>>> print(open('model_34.cif').read())   # mmCIF, C-alpha atoms
data_run
loop_
_atom_site.label_atom_id
_atom_site.label_comp_id
_atom_site.auth_asym_id
_atom_site.auth_seq_id
_atom_site.Cartn_x
_atom_site.Cartn_y
_atom_site.Cartn_z
CA MET A 734 8.99 6.86 -22.92
CA LYS A 735 7.46 6.66 -19.49
CA LYS A 736 4.55 4.67 -20.87
CA ASN A 737 6.84 1.70 -21.41
CA ILE A 738 7.97 1.52 -17.79
CA PRO A 739 6.30 -1.41 -15.97
CA THR A 740 4.40 -0.47 -12.82
CA PRO A 741 6.72 -2.46 -10.49
CA ALA A 742 9.65 -0.41 -11.86
CA ILE A 743 7.75 2.84 -11.25
CA GLU A 744 7.07 1.67 -7.68
CA ARG A 745 10.74 0.92 -7.09
CA LEU A 746 11.83 4.22 -8.69
CA CYS A 747 9.50 6.11 -6.33
CA SER A 748 11.16 4.27 -3.41
CA VAL A 749 14.59 5.17 -4.84
CA TYR A 750 13.45 8.78 -5.08
CA HIS A 751 12.40 8.71 -1.43
CA VAL A 752 15.77 7.23 -0.39
CA LEU A 753 17.55 9.97 -2.36
CA GLU A 754 15.51 12.59 -0.51
CA GLU A 755 16.61 11.03 2.78
CA MET A 756 20.24 10.93 1.63
CA GLU A 757 20.14 14.58 0.62
CA LYS A 758 18.95 15.45 4.13
CA GLU A 759 21.81 13.34 5.54
CA GLY A 760 24.30 15.29 3.39
CA VAL A 761 25.18 12.33 1.16
CA THR A 762 26.23 13.55 -2.32
CA ALA A 763 27.23 10.37 -4.17
CA VAL A 764 25.65 6.93 -4.16
CA SER A 765 26.01 3.61 -5.99
CA SER A 766 23.22 1.36 -7.22
CA LYS A 767 24.41 -1.15 -4.63
CA GLU A 768 23.97 1.32 -1.77
CA ILE A 769 20.52 2.28 -3.00
CA GLY A 770 19.64 -1.40 -3.37
CA VAL A 771 20.66 -2.16 0.20
CA ARG A 772 18.40 0.63 1.47
CA ILE A 773 15.29 -0.64 -0.27
CA GLY A 774 16.03 -4.37 -0.32
CA VAL A 775 16.46 -4.75 -4.08
CA GLU A 776 19.43 -6.12 -6.06
CA ALA A 777 21.81 -3.49 -7.51
CA HIS A 778 21.33 -4.69 -11.10
CA SER A 779 17.58 -4.30 -10.72
CA ILE A 780 18.06 -0.70 -9.53
CA ARG A 781 20.28 0.02 -12.55
CA LYS A 782 17.73 -1.56 -14.89
CA ASP A 783 14.94 0.58 -13.41
CA ILE A 784 17.02 3.74 -13.74
CA ASN A 785 17.94 2.84 -17.32
CA TYR A 786 14.24 2.97 -18.24
CA LEU A 787 14.56 6.71 -17.73
CA GLY A 788 17.34 7.14 -20.30
CA GLU A 789 21.05 7.81 -20.00
CA ILE A 790 22.50 8.97 -16.73
CA GLY A 791 25.91 8.23 -15.16
CA ASN A 792 26.94 4.70 -14.23
CA GLY A 793 25.32 2.83 -11.38
CA ARG A 794 28.43 0.82 -10.59
CA ALA A 795 30.69 3.87 -10.40
CA GLY A 796 27.99 5.84 -8.63
CA TYR A 797 25.40 8.52 -9.17
CA GLU A 798 25.37 12.11 -8.00
CA VAL A 799 22.43 12.15 -5.52
CA GLY A 800 20.88 15.48 -6.55
CA GLU A 801 21.29 14.75 -10.26
CA LEU A 802 19.69 11.29 -10.03
CA LYS A 803 16.84 12.72 -7.96
CA ARG A 804 16.11 15.41 -10.57
CA HIS A 805 16.44 12.80 -13.35
CA ILE A 806 13.81 10.55 -11.73
CA LYS A 807 11.52 13.47 -10.96
CA LYS A 808 11.69 14.71 -14.56
CA HIS A 809 11.16 11.37 -16.27
CA LEU A 810 8.47 10.06 -13.92
CA LYS A 811 6.90 13.52 -14.26
CA LEU A 812 6.47 13.89 -10.52
CA PRO A 813 4.40 17.04 -10.27
CA GLU A 814 5.12 20.31 -8.47
CA HIS A 815 1.52 20.86 -7.41
CA THR A 816 -1.34 18.40 -7.48
CA LYS A 817 -4.75 18.76 -5.86
CA ALA A 818 -6.15 15.84 -3.92
CA CYS A 819 -9.27 15.01 -1.91
CA ILE A 820 -10.19 12.52 0.80
CA VAL A 821 -13.49 10.65 0.52
CA GLY A 822 -14.80 9.23 3.79
CA ILE A 823 -13.92 11.16 6.94
CA GLY A 824 -14.10 8.24 9.36
CA ARG A 825 -11.14 7.14 11.48
CA LEU A 826 -8.89 6.36 8.53
CA GLY A 827 -9.91 9.39 6.47
CA THR A 828 -9.37 11.68 9.46
CA ALA A 829 -5.92 10.17 10.05
CA ILE A 830 -4.95 10.86 6.44
CA LEU A 831 -6.50 14.34 6.51
CA HIS A 832 -4.22 15.21 9.44
CA ASP A 833 -1.05 14.02 7.70
CA ASN A 834 0.84 17.30 7.51
CA ARG A 835 3.46 16.15 5.01
CA PHE A 836 1.41 16.47 1.81
CA ALA A 837 1.89 20.20 1.21
CA SER A 838 5.69 20.02 1.47
CA TYR A 839 5.71 17.29 -1.21
CA GLY A 840 3.52 19.21 -3.64
CA TYR A 841 0.17 17.61 -2.84
CA ASP A 842 -2.61 19.96 -1.72
CA VAL A 843 -5.54 18.28 -0.01
CA VAL A 844 -8.26 20.74 -0.92
CA ALA A 845 -11.47 18.87 -0.05
CA GLY A 846 -12.95 16.13 2.08
CA PHE A 847 -16.25 14.33 1.49
CA ASP A 848 -18.56 12.35 3.73
CA THR A 849 -22.05 10.91 3.41
CA ASN A 850 -22.92 11.77 6.99
CA ILE A 851 -24.08 15.37 6.66
CA ASN A 852 -24.52 15.77 10.41
CA LYS A 853 -20.88 14.91 10.94
CA LEU A 854 -19.62 17.63 8.61
CA GLU A 855 -19.90 20.43 11.15
CA THR A 856 -18.11 18.55 13.89
CA ILE A 857 -15.02 17.59 11.88
CA LYS A 858 -12.11 19.71 13.01
CA THR A 859 -9.91 20.40 10.05
CA ASN A 860 -8.67 23.26 7.91
CA VAL A 861 -9.84 21.41 4.82
CA PRO A 862 -13.45 22.06 3.76
CA VAL A 863 -15.62 18.93 3.98
CA TYR A 864 -18.59 18.52 1.62
CA PRO A 865 -21.50 16.08 1.43
CA ALA A 866 -20.73 13.09 -0.79
CA HIS A 867 -23.43 13.91 -3.34
CA GLU A 868 -21.37 16.97 -4.36
CA ILE A 869 -18.29 14.90 -5.29
CA THR A 870 -18.52 15.21 -9.08
CA ALA A 871 -19.27 18.95 -9.02
CA ILE A 872 -16.59 19.89 -6.47
CA VAL A 873 -13.90 17.74 -8.12
CA LYS A 874 -14.69 19.29 -11.51
CA ARG A 875 -14.86 22.86 -10.23
CA ASN A 876 -11.57 22.61 -8.31
CA ARG A 877 -9.81 20.46 -10.93
CA ILE A 878 -8.88 17.89 -8.28
CA GLN A 879 -6.72 15.12 -9.77
CA LEU A 880 -6.13 12.58 -7.00
CA ALA A 881 -8.52 11.00 -4.49
CA VAL A 882 -8.12 8.82 -1.43
CA LEU A 883 -11.07 6.45 -0.89
CA ALA A 884 -11.48 5.63 2.80
CA ILE A 885 -15.02 4.26 2.77
CA PRO A 886 -16.66 0.83 3.16
CA ALA A 887 -16.54 -1.68 0.32
CA ASP A 888 -20.22 -1.50 -0.59
CA THR A 889 -20.15 2.11 -1.81
CA ALA A 890 -16.56 2.21 -3.11
CA GLN A 891 -17.24 1.48 -6.80
CA GLU A 892 -20.08 3.98 -7.24
CA THR A 893 -18.07 6.62 -5.39
CA ALA A 894 -15.05 5.95 -7.61
CA ASP A 895 -17.31 6.37 -10.65
CA ARG A 896 -18.47 9.77 -9.36
CA LEU A 897 -14.87 10.86 -8.77
CA ILE A 898 -13.90 9.78 -12.29
CA ASP A 899 -16.93 11.62 -13.72
CA GLY A 900 -15.52 14.74 -12.07
CA GLY A 901 -12.13 14.28 -13.70
CA ILE A 902 -10.08 12.37 -11.09
CA VAL A 903 -7.13 10.58 -12.75
CA GLY A 904 -5.68 8.74 -9.75
CA ILE A 905 -7.38 6.87 -6.88
CA LEU A 906 -5.76 5.47 -3.76
CA ASN A 907 -8.36 2.95 -2.64
CA PHE A 908 -8.38 1.73 0.97
CA ALA A 909 -11.82 0.12 0.63
CA PRO A 910 -11.50 -3.67 0.71
CA VAL A 911 -12.68 -4.18 -2.84
CA VAL A 912 -10.73 -4.25 -6.10
CA LEU A 913 -12.02 -1.29 -8.14
CA HIS A 914 -12.78 -1.85 -11.82
CA PRO A 915 -9.96 -0.55 -13.99
CA VAL A 916 -10.82 2.50 -16.12
CA SER A 917 -8.71 3.64 -19.06
CA GLY A 918 -6.74 6.79 -18.23
CA VAL A 919 -7.28 6.44 -14.48
CA ALA A 920 -4.53 5.09 -12.21
CA ILE A 921 -5.82 3.00 -9.33
CA ARG A 922 -3.90 1.69 -6.30
CA ASN A 923 -5.85 -0.75 -4.13
CA ILE A 924 -4.49 -0.92 -0.58
CA ASP A 925 -6.30 -3.44 1.57
CA ILE A 926 -4.64 -4.21 4.89
CA VAL A 927 -5.89 -7.82 4.90
CA ASN A 928 -4.35 -8.19 1.44
CA GLU A 929 -1.09 -6.66 2.67
CA PHE A 930 -1.09 -9.15 5.55
CA ARG A 931 -1.51 -11.96 3.02
CA ILE A 932 1.38 -10.71 0.91
CA LEU A 933 3.53 -10.48 4.06
CA SER A 934 2.47 -13.98 5.15
CA SER A 935 3.38 -15.40 1.77
CA ILE A 936 6.74 -13.62 1.43
CA ALA A 937 7.68 -14.36 5.05
CA ASN A 938 6.71 -17.99 4.55
CA ILE A 939 4.76 -18.09 7.81
CA MET B 1152 8.83 -23.43 -5.15
CA LYS B 1153 7.24 -20.35 -3.67
CA LYS B 1154 10.65 -18.79 -3.14
CA ASN B 1155 11.06 -18.39 -6.87
CA ILE B 1156 7.92 -16.31 -7.28
CA PRO B 1157 8.74 -12.61 -7.80
CA THR B 1158 7.08 -10.24 -5.33
CA PRO B 1159 5.00 -8.45 -8.02
CA ALA B 1160 3.54 -11.86 -8.97
CA ILE B 1161 2.73 -12.60 -5.31
CA GLU B 1162 1.02 -9.20 -5.08
CA ARG B 1163 -1.08 -9.92 -8.16
CA LEU B 1164 -1.93 -13.44 -6.97
CA CYS B 1165 -3.20 -12.01 -3.67
CA SER B 1166 -5.41 -9.62 -5.69
CA VAL B 1167 -6.60 -12.58 -7.78
CA TYR B 1168 -7.37 -14.44 -4.55
CA HIS B 1169 -9.43 -11.51 -3.31
CA VAL B 1170 -11.36 -11.33 -6.60
CA LEU B 1171 -12.06 -15.08 -6.34
CA GLU B 1172 -13.43 -14.51 -2.81
CA GLU B 1173 -15.73 -11.83 -4.20
CA MET B 1174 -16.81 -14.09 -7.06
CA GLU B 1175 -17.60 -16.94 -4.66
CA LYS B 1176 -19.89 -14.56 -2.73
CA GLU B 1177 -21.53 -13.56 -6.02
CA GLY B 1178 -22.14 -17.24 -6.82
CA VAL B 1179 -19.75 -17.35 -9.78
CA THR B 1180 -18.34 -20.88 -10.21
CA ALA B 1181 -16.18 -20.67 -13.36
CA VAL B 1182 -13.86 -17.90 -14.53
CA SER B 1183 -11.29 -17.31 -17.28
CA SER B 1184 -7.92 -15.59 -16.94
CA LYS B 1185 -9.36 -12.83 -19.12
CA GLU B 1186 -12.27 -12.20 -16.74
CA ILE B 1187 -9.92 -12.13 -13.75
CA GLY B 1188 -7.59 -9.79 -15.64
CA VAL B 1189 -10.41 -7.36 -16.40
CA ARG B 1190 -11.31 -7.22 -12.70
CA ILE B 1191 -7.80 -6.30 -11.55
CA GLY B 1192 -6.55 -4.41 -14.59
CA VAL B 1193 -3.92 -6.91 -15.71
CA GLU B 1194 -3.50 -8.69 -19.08
CA ALA B 1195 -4.87 -12.27 -19.23
CA HIS B 1196 -1.50 -13.77 -20.22
CA SER B 1197 0.09 -12.15 -17.17
CA ILE B 1198 -2.59 -13.72 -14.93
CA ARG B 1199 -1.93 -17.13 -16.49
CA LYS B 1200 1.83 -16.66 -16.03
CA ASP B 1201 1.36 -15.77 -12.36
CA ILE B 1202 -0.90 -18.78 -11.78
CA ASN B 1203 1.59 -21.03 -13.57
CA TYR B 1204 4.21 -20.14 -10.94
CA LEU B 1205 2.07 -22.20 -8.57
CA GLY B 1206 2.23 -25.40 -10.63
CA GLU B 1207 -0.26 -27.14 -12.86
CA ILE B 1208 -3.94 -26.26 -12.66
CA GLY B 1209 -6.58 -26.25 -15.40
CA ASN B 1210 -6.31 -23.97 -18.40
CA GLY B 1211 -6.71 -20.19 -18.07
CA ARG B 1212 -8.09 -19.74 -21.57
CA ALA B 1213 -10.75 -22.42 -21.12
CA GLY B 1214 -11.42 -21.29 -17.59
CA TYR B 1215 -10.77 -22.15 -13.97
CA GLU B 1216 -13.14 -23.47 -11.35
CA VAL B 1217 -13.37 -20.59 -8.85
CA GLY B 1218 -13.20 -22.63 -5.62
CA GLU B 1219 -10.43 -24.86 -6.96
CA LEU B 1220 -8.25 -21.94 -8.10
CA LYS B 1221 -8.83 -20.21 -4.77
CA ARG B 1222 -7.69 -23.29 -2.80
CA HIS B 1223 -4.74 -23.72 -5.18
CA ILE B 1224 -3.50 -20.16 -4.57
CA LYS B 1225 -4.09 -20.43 -0.82
CA LYS B 1226 -2.11 -23.66 -0.63
CA HIS B 1227 0.85 -22.58 -2.74
CA LEU B 1228 1.18 -19.07 -1.34
CA LYS B 1229 0.80 -20.71 2.08
CA LEU B 1230 -1.85 -18.23 3.18
CA PRO B 1231 -2.27 -19.05 6.87
CA GLU B 1232 -5.33 -20.15 8.82
CA HIS B 1233 -4.38 -18.22 11.95
CA THR B 1234 -1.74 -15.55 12.36
CA LYS B 1235 -1.22 -13.23 15.30
CA ALA B 1236 -0.61 -9.55 14.62
CA CYS B 1237 -0.02 -6.37 16.60
CA ILE B 1238 -0.41 -2.64 15.96
CA VAL B 1239 2.38 -0.31 17.05
CA GLY B 1240 1.32 3.31 17.52
CA ILE B 1241 -2.25 3.91 18.63
CA GLY B 1242 -2.64 7.38 17.12
CA ARG B 1243 -5.30 8.22 14.55
CA LEU B 1244 -4.06 5.73 11.96
CA GLY B 1245 -3.32 2.94 14.46
CA THR B 1246 -6.75 3.36 16.02
CA ALA B 1247 -8.39 3.20 12.61
CA ILE B 1248 -6.60 -0.07 11.85
CA LEU B 1249 -7.31 -1.46 15.33
CA HIS B 1250 -11.03 -0.98 14.68
CA ASP B 1251 -10.99 -2.78 11.34
CA ASN B 1252 -13.27 -5.69 12.16
CA ARG B 1253 -12.39 -7.81 9.11
CA PHE B 1254 -9.11 -9.29 10.37
CA ALA B 1255 -10.55 -12.13 12.44
CA SER B 1256 -12.71 -13.47 9.62
CA TYR B 1257 -9.61 -13.67 7.38
CA GLY B 1258 -7.48 -15.53 9.93
CA TYR B 1259 -5.56 -12.59 11.38
CA ASP B 1260 -5.89 -12.05 15.13
CA VAL B 1261 -4.81 -8.64 16.37
CA VAL B 1262 -3.76 -9.58 19.90
CA ALA B 1263 -1.83 -6.49 21.07
CA GLY B 1264 -1.40 -2.76 20.60
CA PHE B 1265 1.59 -0.67 21.69
CA ASP B 1266 2.05 3.04 22.35
CA THR B 1267 4.81 5.17 23.86
CA ASN B 1268 2.30 7.43 25.57
CA ILE B 1269 1.61 5.52 28.78
CA ASN B 1270 -1.04 8.01 29.91
CA LYS B 1271 -3.00 7.33 26.77
CA LEU B 1272 -3.14 3.57 27.36
CA GLU B 1273 -6.05 3.71 29.81
CA THR B 1274 -8.18 5.95 27.64
CA ILE B 1275 -7.97 3.86 24.46
CA LYS B 1276 -11.27 2.12 23.92
CA THR B 1277 -10.62 -1.24 22.40
CA ASN B 1278 -10.99 -4.94 23.11
CA VAL B 1279 -7.33 -5.43 22.30
CA PRO B 1280 -4.89 -4.98 25.21
CA VAL B 1281 -2.53 -2.02 24.69
CA TYR B 1282 0.96 -2.10 26.23
CA PRO B 1283 3.74 0.47 26.66
CA ALA B 1284 6.22 0.44 23.76
CA HIS B 1285 9.16 -0.64 25.90
CA GLU B 1286 7.48 -4.03 26.33
CA ILE B 1287 7.37 -4.72 22.59
CA THR B 1288 10.10 -7.37 22.40
CA ALA B 1289 8.86 -9.27 25.47
CA ILE B 1290 5.17 -9.27 24.53
CA VAL B 1291 5.82 -10.21 20.90
CA LYS B 1292 8.03 -13.10 22.03
CA ARG B 1293 5.66 -14.32 24.76
CA ASN B 1294 2.61 -14.28 22.47
CA ARG B 1295 4.44 -15.50 19.36
CA ILE B 1296 3.14 -12.56 17.34
CA GLN B 1297 4.21 -12.83 13.70
CA LEU B 1298 2.99 -9.68 11.96
CA ALA B 1299 3.16 -6.02 12.98
CA VAL B 1300 1.67 -2.80 11.66
CA LEU B 1301 3.88 0.24 12.27
CA ALA B 1302 1.77 3.39 12.55
CA ILE B 1303 4.31 5.71 14.17
CA PRO B 1304 6.38 8.74 13.11
CA ALA B 1305 9.46 8.29 10.91
CA ASP B 1306 12.05 9.14 13.56
CA THR B 1307 11.35 6.12 15.77
CA ALA B 1308 10.30 3.65 13.06
CA GLN B 1309 13.63 1.88 12.53
CA GLU B 1310 14.43 1.29 16.21
CA THR B 1311 10.87 0.09 16.79
CA ALA B 1312 11.13 -2.29 13.84
CA ASP B 1313 14.37 -3.63 15.32
CA ARG B 1314 12.61 -4.31 18.64
CA LEU B 1315 9.77 -6.10 16.87
CA ILE B 1316 12.24 -8.24 14.92
CA ASP B 1317 14.13 -9.01 18.15
CA GLY B 1318 10.85 -10.39 19.49
CA GLY B 1319 10.38 -12.65 16.47
CA ILE B 1320 8.20 -10.64 14.09
CA VAL B 1321 8.54 -11.92 10.51
CA GLY B 1322 6.40 -9.42 8.64
CA ILE B 1323 6.04 -5.64 9.02
CA LEU B 1324 3.50 -3.38 7.35
CA ASN B 1325 5.18 0.01 7.68
CA PHE B 1326 3.10 3.19 7.40
CA ALA B 1327 5.91 5.41 8.75
CA PRO B 1328 7.28 7.59 5.94
CA VAL B 1329 10.73 6.01 5.98
CA VAL B 1330 12.06 3.02 4.04
CA LEU B 1331 12.96 0.40 6.68
CA HIS B 1332 16.28 -1.41 6.31
CA PRO B 1333 15.75 -4.87 4.85
CA VAL B 1334 16.44 -7.77 7.23
CA SER B 1335 16.94 -11.34 6.05
CA GLY B 1336 13.92 -13.50 6.89
CA VAL B 1337 11.65 -10.54 7.57
CA ALA B 1338 9.11 -9.37 5.00
CA ILE B 1339 8.60 -5.62 4.93
CA ARG B 1340 5.96 -3.61 3.09
CA ASN B 1341 6.48 0.15 3.16
CA ILE B 1342 3.25 2.07 2.56
CA ASP B 1343 3.77 5.80 2.47
CA ILE B 1344 0.80 7.80 1.22
CA VAL B 1345 3.00 10.51 -0.31
CA ASN B 1346 4.83 7.75 -2.17
CA GLU B 1347 1.52 6.26 -3.32
CA PHE B 1348 0.49 9.71 -4.60
CA ARG B 1349 3.75 9.87 -6.56
CA ILE B 1350 3.18 6.45 -8.10
CA LEU B 1351 -0.37 7.51 -9.04
CA SER B 1352 0.91 10.80 -10.50
CA SER B 1353 3.47 9.00 -12.59
CA ILE B 1354 1.15 6.26 -13.87
CA ALA B 1355 -1.67 8.74 -14.53
CA ASN B 1356 0.77 11.00 -16.34
CA ILE B 1357 -0.51 14.10 -14.59
#
>>> encode(input="model_34.cif", output="structure tokens")
Amino acid sequence: MKKNIPTPAIERLCSVYHVLEEMEKEGVTAVSSKEIGVRIGVEAHSIRKDINYLGEIGNGRAGYEVGELKRHIKKHLKLPEHTKACIVGIGRLGTAILHDNRFASYGYDVVAGFDTNINKLETIKTNVPVYPAHEITAIVKRNRIQLAVLAIPADTAQETADRLIDGGIVGILNFAPVVLHPVSGVAIRNIDIVNEFRILSSIANI
Amino acid sequence: MKKNIPTPAIERLCSVYHVLEEMEKEGVTAVSSKEIGVRIGVEAHSIRKDINYLGEIGNGRAGYEVGELKRHIKKHLKLPEHTKACIVGIGRLGTAILHDNRFASYGYDVVAGFDTNINKLETIKTNVPVYPAHEITAIVKRNRIQLAVLAIPADTAQETADRLIDGGIVGILNFAPVVLHPVSGVAIRNIDIVNEFRILSSIANI
């Protein structure tokens, strides 16, 4: 069923899931589609429509049970318990992401870093092993790494993505300012800050 | 008219715009909706639908003139010539963004940084002036800064966003792992890497 859910709905459902996590921490046990909508800036009917993609559960107008809705989303979006990830490019951005200490508690294990600058490898202070970039395909394959963050310049992004995919990567979060070529069976999210500024400019009607 | 364009369409149109920029550099002068779609992983009819939101221009099946389509998107999405931006939180991530040297060439001037750690301000090596966080509202107002990047921890993100908005900020790119409360007239993009991993996991069907 999940295959029929449009990507924008998946994006919103992941935001809903995050809001439910926050509500659980706040001790909230029941929530309406309207309350969820207010938190993420989306109309209530749109929230209900997104949740309906996942099959039958409660009634958005009357309210959802927070824990139940959270488990429902997790199950139907198949959010994983444990997924291995790697960071490619240990420059300023890659280092910042490598030091994000939230991944493990959300089920994502960053098990490898890669950089082309071999001399830099010894000086990087991290608990995650960092390998030279030419080992990407082998290390990804050997460790069955599924997700990758690309934090490298535009000019080498596509060939690096190809090497990751050759190793078996199925999801790439791309911060390089280039739109990666789509590959069947591989999920790609392109995040370019200039592009995000443009989207903001357009929505804000600057 | 722009107000009627759904956000997912604006997001795709900004990706199309970026692809057209790349094509211009490559010397490509004509392109079909199908070719654009292949580059960004979207069906051709969806590309044509998005472009049609902007009003009449050429025919997607027959092809668009690259420069003309680029100007058309820029005009109708009101992509600005010059916009002032600031970075809040000069930690690892904020520093990485501050050193991105592409902003100026795309019309975005990063004119200020902010950090709560006053002692750190003198040691930050950058051409952009960095101010203490308590001056956010005043500096944003005085310099008419329109966009802000939030690169701070979750617990202070909402109050900092409120201070930015008080100063007149109309667009926030939020990297703090918390969904900011929507405010009328302010565009907000929440980018949480854990959330992006979840979206990738779900789309990739891990």
>>> interface_residues(input="model_34.cif", of="chain B", to="chain A", cutoff="6 Å", atoms="only C-alpha atoms", output="MDAnalysis selection string")
chainID B and resid 1190 1192 1228:1229 1243:1244 1247 1322 1332:1333 1338 1351 1353 1355
>>> residues_around(input="model_34.cif", residues="A:Asn860", least_positions_apart="6", cutoff="10 Å", atoms="all atoms listed in the file", output="ChimeraX atom specification")
/A:831-832,843-845
>>> atom_distance(input="model_34.cif", atom1="atom CA of A:Lys767", atom2="atom CA of B:Gln1309")
20.5 Å
>>> atom_distance(input="model_34.cif", atom1="atom CA of A:Gly901", atom2="atom CA of A:Leu854")
23.8 Å
>>> atom_distance(input="model_34.cif", atom1="atom CA of B:Ala1181", atom2="atom CA of B:Asn1203")
17.8 Å
>>> residues_around(input="model_34.cif", residues="B:Ala1284", least_positions_apart="3", cutoff="10 Å", atoms="only C-alpha atoms", output="PyMOL selection string")
chain B and resi 1239-1240+1264-1269+1281+1287-1288+1290+1311+1314
>>> resolve_selection(input="model_34.cif", expression="the PyMOL selection byres ((chain A and resi 885) around 6)", output="PyMOL selection string")
chain A and resi 822+883-884+886+909
